[in-house]
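**Student:** As input, take run11.csv (CSV, C-alpha atoms):
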chain,number,residue,atom,x,y,z
N,17,MET,CA,-5.6,-29.1,-0.9
N,18,THR,CA,-5.0,-29.8,-4.6
N,19,PHE,CA,-3.6,-27.4,-7.1
N,20,GLU,CA,-7.1,-26.8,-8.6
N,21,GLU,CA,-8.7,-26.3,-5.1
N,22,LEU,CA,-6.1,-23.7,-4.2
N,23,LEU,CA,-6.6,-21.9,-7.5
N,24,ALA,CA,-10.3,-21.8,-6.9
N,25,GLU,CA,-10.0,-20.6,-3.3
N,26,GLY,CA,-7.5,-17.8,-4.3
N,27,GLU,CA,-9.9,-16.6,-7.0
N,28,ALA,CA,-12.9,-16.7,-4.8
N,29,VAL,CA,-11.7,-14.4,-1.9
N,30,PRO,CA,-13.2,-10.9,-2.2
N,31,ILE,CA,-10.5,-8.2,-2.9
N,32,GLU,CA,-12.4,-5.1,-1.9
N,33,GLY,CA,-10.9,-2.9,0.8
N,34,TRP,CA,-7.4,-3.1,2.1
N,35,ASP,CA,-7.8,-5.7,4.9
N,36,PHE,CA,-5.1,-8.5,4.8
N,37,SER,CA,-6.5,-10.5,7.7
N,38,TRP,CA,-7.4,-13.4,5.3
N,39,PHE,CA,-3.7,-14.1,4.9
N,40,GLU,CA,-3.2,-15.1,8.6
N,41,GLY,CA,-1.6,-18.5,8.6
N,42,ARG,CA,-1.1,-18.5,4.9
N,43,ALA,CA,1.4,-15.7,4.3
N,44,THR,CA,3.5,-13.4,6.5
N,45,GLU,CA,5.2,-10.0,6.0
N,46,GLU,CA,7.8,-8.6,8.4
N,47,ARG,CA,6.6,-5.2,9.8
N,48,PRO,CA,8.7,-2.0,9.3
N,49,PRO,CA,10.6,-0.9,12.4
N,50,TRP,CA,8.9,2.5,12.7
N,51,GLY,CA,5.3,1.3,13.4
N,52,TYR,CA,3.3,3.4,10.9
N,53,SER,CA,-0.1,2.8,12.6
N,54,ARG,CA,1.3,4.1,15.9
N,55,LEU,CA,2.8,7.1,14.2
N,56,LEU,CA,-0.4,7.8,12.3
N,57,GLY,CA,-2.5,7.6,15.5
N,58,GLU,CA,-0.1,10.0,17.3
N,59,ARG,CA,-0.2,12.5,14.5
N,60,MET,CA,-4.0,12.3,14.0
N,61,ALA,CA,-4.6,12.8,17.8
N,62,ALA,CA,-2.6,16.0,17.7
N,63,ALA,CA,-4.2,17.4,14.5
N,64,SER,CA,-7.1,19.7,14.2
N,65,ALA,CA,-7.8,18.6,10.6
N,66,GLY,CA,-6.5,15.4,9.0
N,67,LEU,CA,-6.6,14.0,5.4
N,68,ASP,CA,-5.8,10.4,4.4
N,69,LEU,CA,-5.0,10.0,0.7
N,70,GLN,CA,-5.8,6.8,-1.2
N,71,THR,CA,-7.2,5.3,1.9
N,72,GLY,CA,-8.3,2.0,0.4
N,73,GLY,CA,-11.1,0.6,2.5
N,74,GLY,CA,-10.2,2.9,5.4
N,75,GLU,CA,-8.9,0.0,7.5
N,76,VAL,CA,-5.6,1.6,8.5
N,77,LEU,CA,-7.1,5.0,9.2
N,78,ALA,CA,-9.9,3.4,11.3
N,79,GLY,CA,-7.3,2.1,13.7
N,80,ILE,CA,-6.4,5.6,15.1
N,81,PRO,CA,-7.4,5.9,18.7
N,82,LYS,CA,-8.5,9.5,18.5
N,83,PRO,CA,-9.7,11.2,15.3
N,84,PRO,CA,-9.2,14.9,14.8
N,85,PRO,CA,-12.2,17.3,14.9
N,86,VAL,CA,-12.1,17.3,11.0
N,87,LEU,CA,-11.3,14.0,9.3
N,88,ALA,CA,-11.4,13.3,5.5
N,89,ALA,CA,-10.1,10.7,3.2
N,90,THR,CA,-9.9,10.1,-0.6
N,91,GLU,CA,-10.1,6.9,-2.6
N,92,GLY,CA,-10.2,6.4,-6.3
N,93,TRP,CA,-11.5,2.8,-6.7
N,94,PRO,CA,-15.3,2.9,-6.5
N,95,PRO,CA,-15.8,-0.4,-4.7
N,96,ASN,CA,-13.3,0.8,-2.0
N,97,VAL,CA,-15.1,4.1,-1.6
N,98,GLU,CA,-18.3,2.5,-0.2
N,99,VAL,CA,-16.2,0.2,2.1
N,100,ALA,CA,-14.2,3.2,3.4
N,101,ARG,CA,-17.4,5.2,4.1
N,102,LYS,CA,-18.8,2.4,6.2
N,103,THR,CA,-15.5,1.8,7.9
N,104,LEU,CA,-14.8,5.5,8.8
N,105,ALA,CA,-18.3,6.5,9.6
N,106,PRO,CA,-17.8,5.8,13.4
N,107,LEU,CA,-14.9,8.3,13.4
N,108,GLY,CA,-16.9,11.0,11.6
N,109,GLY,CA,-14.7,10.7,8.6
N,110,GLU,CA,-15.8,12.0,5.2
N,111,VAL,CA,-14.7,9.9,2.2
N,112,VAL,CA,-14.4,11.6,-1.2
N,113,GLU,CA,-14.0,9.7,-4.4
N,114,ALA,CA,-11.0,11.1,-6.2
N,115,GLU,CA,-8.4,9.6,-8.5
N,116,TYR,CA,-4.9,9.4,-7.2
N,117,ASP,CA,-3.6,11.9,-9.9
N,118,ALA,CA,-6.6,14.3,-9.8
N,119,PRO,CA,-6.6,17.7,-8.0
N,120,LEU,CA,-7.7,17.3,-4.4
N,121,PRO,CA,-11.2,18.6,-3.8
N,122,PHE,CA,-10.3,20.7,-0.8
N,123,PRO,CA,-9.4,24.4,-0.4
N,124,ASP,CA,-5.9,25.6,0.1
N,125,GLU,CA,-4.4,25.1,3.6
N,126,SER,CA,-7.3,22.9,4.8
N,127,PHE,CA,-5.3,20.4,6.9
N,128,ASP,CA,-2.5,20.3,9.3
N,129,LEU,CA,-1.9,16.6,8.6
N,130,VAL,CA,-1.9,14.7,5.3
N,131,SER,CA,-1.2,11.0,5.4
N,132,SER,CA,-1.0,8.2,2.9
N,133,ARG,CA,0.0,4.5,3.3
N,134,HIS,CA,1.2,2.9,0.2
N,135,PRO,CA,0.0,5.5,-2.3
N,136,ILE,CA,0.0,4.7,-6.0
N,137,ALA,CA,1.7,8.1,-6.6
N,138,ASN,CA,2.3,11.2,-4.6
N,139,PRO,CA,0.4,14.4,-5.7
N,140,TRP,CA,3.1,16.5,-4.2
N,141,ARG,CA,1.8,19.9,-5.4
N,142,GLU,CA,-1.6,19.1,-4.1
N,143,ILE,CA,-0.3,17.9,-0.8
N,144,ALA,CA,1.7,21.1,-0.3
N,145,ARG,CA,-1.3,23.2,-1.4
N,146,VAL,CA,-3.8,21.7,1.1
N,147,LEU,CA,-1.3,21.6,4.0
N,148,ARG,CA,-1.3,24.6,6.4
N,149,PRO,CA,2.0,26.2,7.3
N,150,GLY,CA,3.6,24.0,9.8
N,151,GLY,CA,1.5,21.0,8.6
N,152,ILE,CA,2.9,17.5,8.3
N,153,PHE,CA,2.9,14.9,5.5
N,154,LEU,CA,3.3,11.4,6.9
N,155,SER,CA,3.5,8.5,4.5
N,156,GLN,CA,4.7,4.9,4.3
N,157,GLN,CA,5.7,4.5,0.6
N,158,ILE,CA,6.3,1.4,-1.5
N,159,GLY,CA,9.9,1.2,-2.7
N,160,ALA,CA,11.0,0.2,-6.2
N,161,GLY,CA,11.5,-3.5,-6.7
N,162,THR,CA,9.1,-4.4,-3.9
N,163,VAL,CA,8.1,-8.1,-4.1
N,164,ARG,CA,10.5,-8.4,-7.1
N,165,GLU,CA,11.0,-12.1,-6.5
N,166,LEU,CA,7.3,-12.8,-7.2
N,167,LYS,CA,7.1,-10.3,-10.0
N,168,GLU,CA,10.1,-11.7,-11.8
N,169,PHE,CA,8.9,-15.3,-11.3
N,170,PHE,CA,6.0,-14.5,-13.6
N,171,LEU,CA,7.4,-11.7,-15.8
N,172,GLY,CA,11.2,-12.3,-16.0
N,173,PRO,CA,13.9,-9.7,-15.2
N,174,GLN,CA,12.6,-6.2,-14.7
N,175,ASP,CA,14.3,-2.7,-15.0
N,176,TYR,CA,13.7,-0.8,-11.8
N,177,GLY,CA,15.7,2.2,-13.0
N,178,ASP,CA,17.9,4.1,-10.6
N,179,TRP,CA,15.2,5.0,-8.1
N,180,THR,CA,16.3,5.5,-4.5
N,181,PRO,CA,14.5,6.8,-1.4
N,182,ASP,CA,16.2,10.2,-2.0
N,183,VAL,CA,14.0,10.6,-5.0
N,184,LEU,CA,11.2,11.2,-2.5
N,185,ARG,CA,13.2,13.9,-0.8
N,186,VAL,CA,13.9,15.7,-4.1
N,187,GLU,CA,10.2,15.6,-5.1
N,188,ALA,CA,9.0,16.9,-1.7
N,189,GLU,CA,11.5,19.7,-1.6
N,190,ALA,CA,10.6,20.7,-5.1
N,191,VAL,CA,7.2,21.8,-3.9
N,192,GLY,CA,8.5,23.5,-0.8
N,193,LEU,CA,8.2,20.8,1.8
N,194,ARG,CA,11.1,20.0,4.2
N,195,VAL,CA,11.8,16.3,4.7
N,196,GLU,CA,12.6,15.6,8.3
N,197,ARG,CA,12.5,11.8,8.2
N,198,LEU,CA,13.3,9.4,5.4
N,199,GLU,CA,13.8,5.7,6.4
N,200,PRO,CA,13.9,2.7,4.0
N,201,ALA,CA,13.4,-0.9,5.0
N,202,LYS,CA,13.6,-4.3,3.3
N,203,LEU,CA,11.1,-6.8,4.8
N,204,ARG,CA,10.8,-10.6,4.4
N,205,MET,CA,7.6,-12.0,3.0
N,206,GLU,CA,6.6,-15.7,3.0
N,207,PHE,CA,3.7,-17.3,1.0
N,208,PHE,CA,2.8,-20.8,2.4
N,209,ASP,CA,0.3,-21.9,-0.3
N,210,LEU,CA,-0.8,-21.1,-3.8
N,211,ALA,CA,-4.1,-19.6,-2.8
N,212,ALA,CA,-2.3,-16.9,-0.9
N,213,VAL,CA,-0.2,-16.0,-4.0
N,214,VAL,CA,-3.3,-15.9,-6.2
N,215,HIS,CA,-5.2,-13.7,-3.8
N,216,PHE,CA,-2.3,-11.4,-3.3
N,217,LEU,CA,-1.8,-10.9,-7.1
N,218,ARG,CA,-5.5,-10.2,-7.6
N,219,LYS,CA,-5.5,-7.7,-4.7
N,220,VAL,CA,-2.1,-6.0,-5.2
N,221,ILE,CA,-2.6,-5.4,-9.0
N,222,TRP,CA,0.7,-3.6,-9.7
N,223,ILE,CA,2.9,-6.6,-8.9
N,224,VAL,CA,1.8,-8.5,-12.0
N,225,PRO,CA,-0.3,-6.1,-14.1
N,226,GLY,CA,-3.3,-7.8,-15.7
N,227,PHE,CA,-2.9,-11.0,-13.7
N,228,GLU,CA,-5.3,-13.7,-14.6
N,229,VAL,CA,-5.2,-17.3,-13.4
N,230,GLU,CA,-5.7,-18.8,-16.9
N,231,THR,CA,-3.0,-16.6,-18.4
N,232,TYR,CA,-0.4,-17.8,-15.9
N,233,ARG,CA,-1.7,-21.4,-15.2
N,234,ASP,CA,1.6,-23.1,-16.2
N,235,LYS,CA,3.7,-20.7,-14.0
N,236,LEU,CA,1.2,-21.2,-11.1
N,237,ALA,CA,1.6,-24.9,-11.4
N,238,GLU,CA,5.4,-24.5,-11.2
N,239,LEU,CA,5.0,-22.3,-8.2
N,240,HIS,CA,2.7,-24.7,-6.5
N,241,ARG,CA,5.3,-27.5,-6.9
N,242,MET,CA,8.0,-25.1,-5.4
N,243,ILE,CA,5.9,-24.3,-2.4
N,244,GLU,CA,5.1,-28.0,-1.8
N,245,THR,CA,8.8,-28.8,-1.9
N,246,ASP,CA,10.2,-25.9,0.1
N,247,GLY,CA,7.2,-25.1,2.3
N,248,LYS,CA,7.1,-21.5,1.2
N,249,PHE,CA,7.9,-18.9,-1.4
N,250,VAL,CA,10.1,-16.1,-0.1
N,251,ALA,CA,10.0,-12.5,-1.4
N,252,HIS,CA,10.8,-9.1,0.1
N,253,SER,CA,8.8,-5.9,0.3
N,254,ARG,CA,10.4,-2.5,0.3
N,255,ARG,CA,9.0,0.4,2.3
N,256,VAL,CA,10.1,4.0,3.0
N,257,LEU,CA,8.8,6.2,5.8
N,258,VAL,CA,8.5,9.8,4.8
N,259,GLU,CA,7.7,12.7,7.2
N,260,ALA,CA,7.8,16.2,5.7
N,261,VAL,CA,6.8,19.6,7.0
N,262,LYS,CA,5.4,22.6,5.2
N,263,PRO,CA,7.5,25.5,6.6
N,264,SER,CA,5.6,28.2,8.5
Using structure tokens, write down the structure that the file contains.
**Tutor:**
Amino acid sequence: MTFEELLAEGEAVPIEGWDFSWFEGRATEERPPWGYSRLLGERMAAASAGLDLQTGGGEVLAGIPKPPPVLAATEGWPPNVEVARKTLAPLGGEVVEAEYDAPLPFPDESFDLVSSRHPIANPWREIARVLRPGGIFLSQQIGAGTVRELKEFFLGPQDYGDWTPDVLRVEAEAVGLRVERLEPAKLRMEFFDLAAVVHFLRKVIWIVPGFEVETYRDKLAELHRMIETDGKFVAHSRRVLVEAVKPS
């Protein structure tokens, strides 16, 4: 496909929801060693009431084999809310529209499990508030500098500060949670054509904030030539598994 055809295809793919199946054969990302979906399924099966924060289109949560008797989720982007409601309806899940930094619309000690995969931010005080004593917070977090190779290709060198995974431990413990598991991972990503890059940047909006094809046309043309020469563009995602407990 030509440069223009790849641009057009990357711009045309819908970005609602959090389903990445379109990338099959066009991009890859190494999986974290801990198997978040498996862990989530195990924790949800053992819970009596579970809450998934910033659920996207509900695709990850929908993969649990056995939902708890009470299942709820929050999502802040309106197009995703409707997708999530349809996706989670077979599990009996209630999806509530709520911004990532807003108070959670649930009473104190409502859940014995709160989960979140790739949250924009962690509402730690709210998480601690809605967890029951002995309840678990399970999350796969995005580490600082994730996909930095792609970000810096478009934006130049970036300052990622002195963030380390231990920041998550400090934040969790500050609201009374006890961190029992904290594991970082650096994972290889490969993009095999320009359409995959364009779609990725439209979908994962914090990599290049305000990304528009016309704004970055020259850089996209340069990237297209690089992929044609090398066969791929390589980057690395950074993930952190967090499991914390609210003491009884």
**Student:** Between CA of Ile136 (chain N) and CA of His240 (chain N), what is the spacing in Å?
**Tutor:**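 Computing it gives 29.5 Å between the two atoms.
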**Student:** For a test of reading the model, state the distance in Å between CA of Thr162 (chain N) and CA of Ala251 (chain N), rounded to one decimal.
**Tutor:**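 Going from CA of Thr162 (chain N) over to CA of Ala251 (chain N), I get 8.5 Å.
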**Student:** Let me know the centre plus edge lengths, in Å and rounded to one decimal, of a box with edges along x, y and z that contains all listed atoms of region 45-63 of chain N and is padded by 3 Å on every side, as AutoDock Vina command-line options.
**Tutor:**
--center_x 3.0 --center_y 3.7 --center_z 11.9 --size_x 21.2 --size_y 33.4 --size_z 17.8
**Student:** To one decimal place, how far is CA of Gly33 (chain N) from CA of Asn96 (chain N) in Å?
**Tutor:**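 Atom-to-atom, CA of Gly33 (chain N) and CA of Asn96 (chain N) are spaced 5.2 Å apart.
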**Student:** Determine the nearest neighbour of Leu210 (chain N) from the options N:Ala43, N:Ile143, N:Ala78, N:Leu56, counting all atoms listed in the file.
**Tutor:** N:Ala43
**Student:** Using only C-alpha atoms, pick whichever of N:Glu46, N:Asp68, N:Glu259, N:Glu189 has the shortest atom-to-atom distance to Val146 (chain N).
**Tutor:**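 That would be N:Asp68, the residue with the smallest distance to Val146 (chain N).
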**Student:** So which one's closest to Glu91 (chain N), N:Glu113, N:Glu228, N:Glu206, N:Glu75? Using all atoms listed in the file, please.
**Tutor:**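 Residue with the minimum atom-to-atom distance to Glu91 (chain N): N:Glu113.
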**Student:** Could you list, as a ChimeraX atom specification, every residue within 12 Å of Pro149 (chain N), counting all atoms listed in the file and ignoring same-chain residues fewer than 6 positions away?
**Tutor:** /N:124-129,143,192-194,260-264
**Student:** Looking at N:His252, N:Leu239, N:Arg148, N:Arg185, which one is nearest to Ser64 (chain N), with distances taken over all atoms listed in the file?
**Tutor:**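 The closest residue to Ser64 (chain N) is N:Arg148.
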**Student:** Residues within 10 Å of Glu58 (chain N), please, as a PyMOL selection string. Count only C-alpha atoms; anything in the same chain fewer than 6 positions from it doesn't count.
**Tutor:** chain N and resi 52+80-83
**Student:** Would you kindly return, as a ChimeraX atom specification, each protein, DNA or RNA residue with an atom no farther than 10 Å from any atom of Leu198 (chain N), considering all atoms listed in the file and excluding same-chain residues fewer than 2 positions away?
**Tutor:** /N:155-156,181-182,184-185,195-196,200,256-260
**Student:** Could those residues be written to a file, using C-alpha atoms, as a compact mmCIF listing (two decimals), keeping the file's coordinate frame?
**Tutor:**
# COMPACT_ATOMS: atom_id res chain seq x y z
CA SER N 155 3.50 8.50 4.50
CA GLN N 156 4.70 4.90 4.30
CA PRO N 181 14.50 6.80 -1.40
CA ASP N 182 16.20 10.20 -2.00
CA LEU N 184 11.20 11.20 -2.50
CA ARG N 185 13.20 13.90 -0.80
CA VAL N 195 11.80 16.30 4.70
CA GLU N 196 12.60 15.60 8.30
CA PRO N 200 13.90 2.70 4.00
CA VAL N 256 10.10 4.00 3.00
CA LEU N 257 8.80 6.20 5.80
CA VAL N 258 8.50 9.80 4.80
CA GLU N 259 7.70 12.70 7.20
CA ALA N 260 7.80 16.20 5.70
**Student:** Using all atoms listed in the file, which protein or nucleic acid residues come within 7 Å of Leu23 (chain N)? Drop anything in the same chain fewer than 3 positions from it, and give the result as an NGL selection string.
**Tutor:** :N and (19-20 or 26-27 or 210-211 or 214)
**Student:** Nearest to Ala100 (chain N): which of N:Gly79, N:Gly72, N:Pro119, N:Gly41 is it, counting all atoms listed in the file?
**Tutor:**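 Closest residue, counting all atoms listed in the file: N:Gly72.
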**Student:** Please determine, counting only C-alpha atoms, which residue among N:Leu171, N:Phe207, N:Lys235, N:Asp246 has the shortest atom-to-atom distance to Ile223 (chain N).
**Tutor:**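 Among the listed residues, N:Leu171 lies closest to Ile223 (chain N).
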**Student:** Could you list, as a count of residues only, every residue within 8 Å of Ala114 (chain N), counting only C-alpha atoms and ignoring same-chain residues fewer than 4 positions away?
**Tutor:** 6
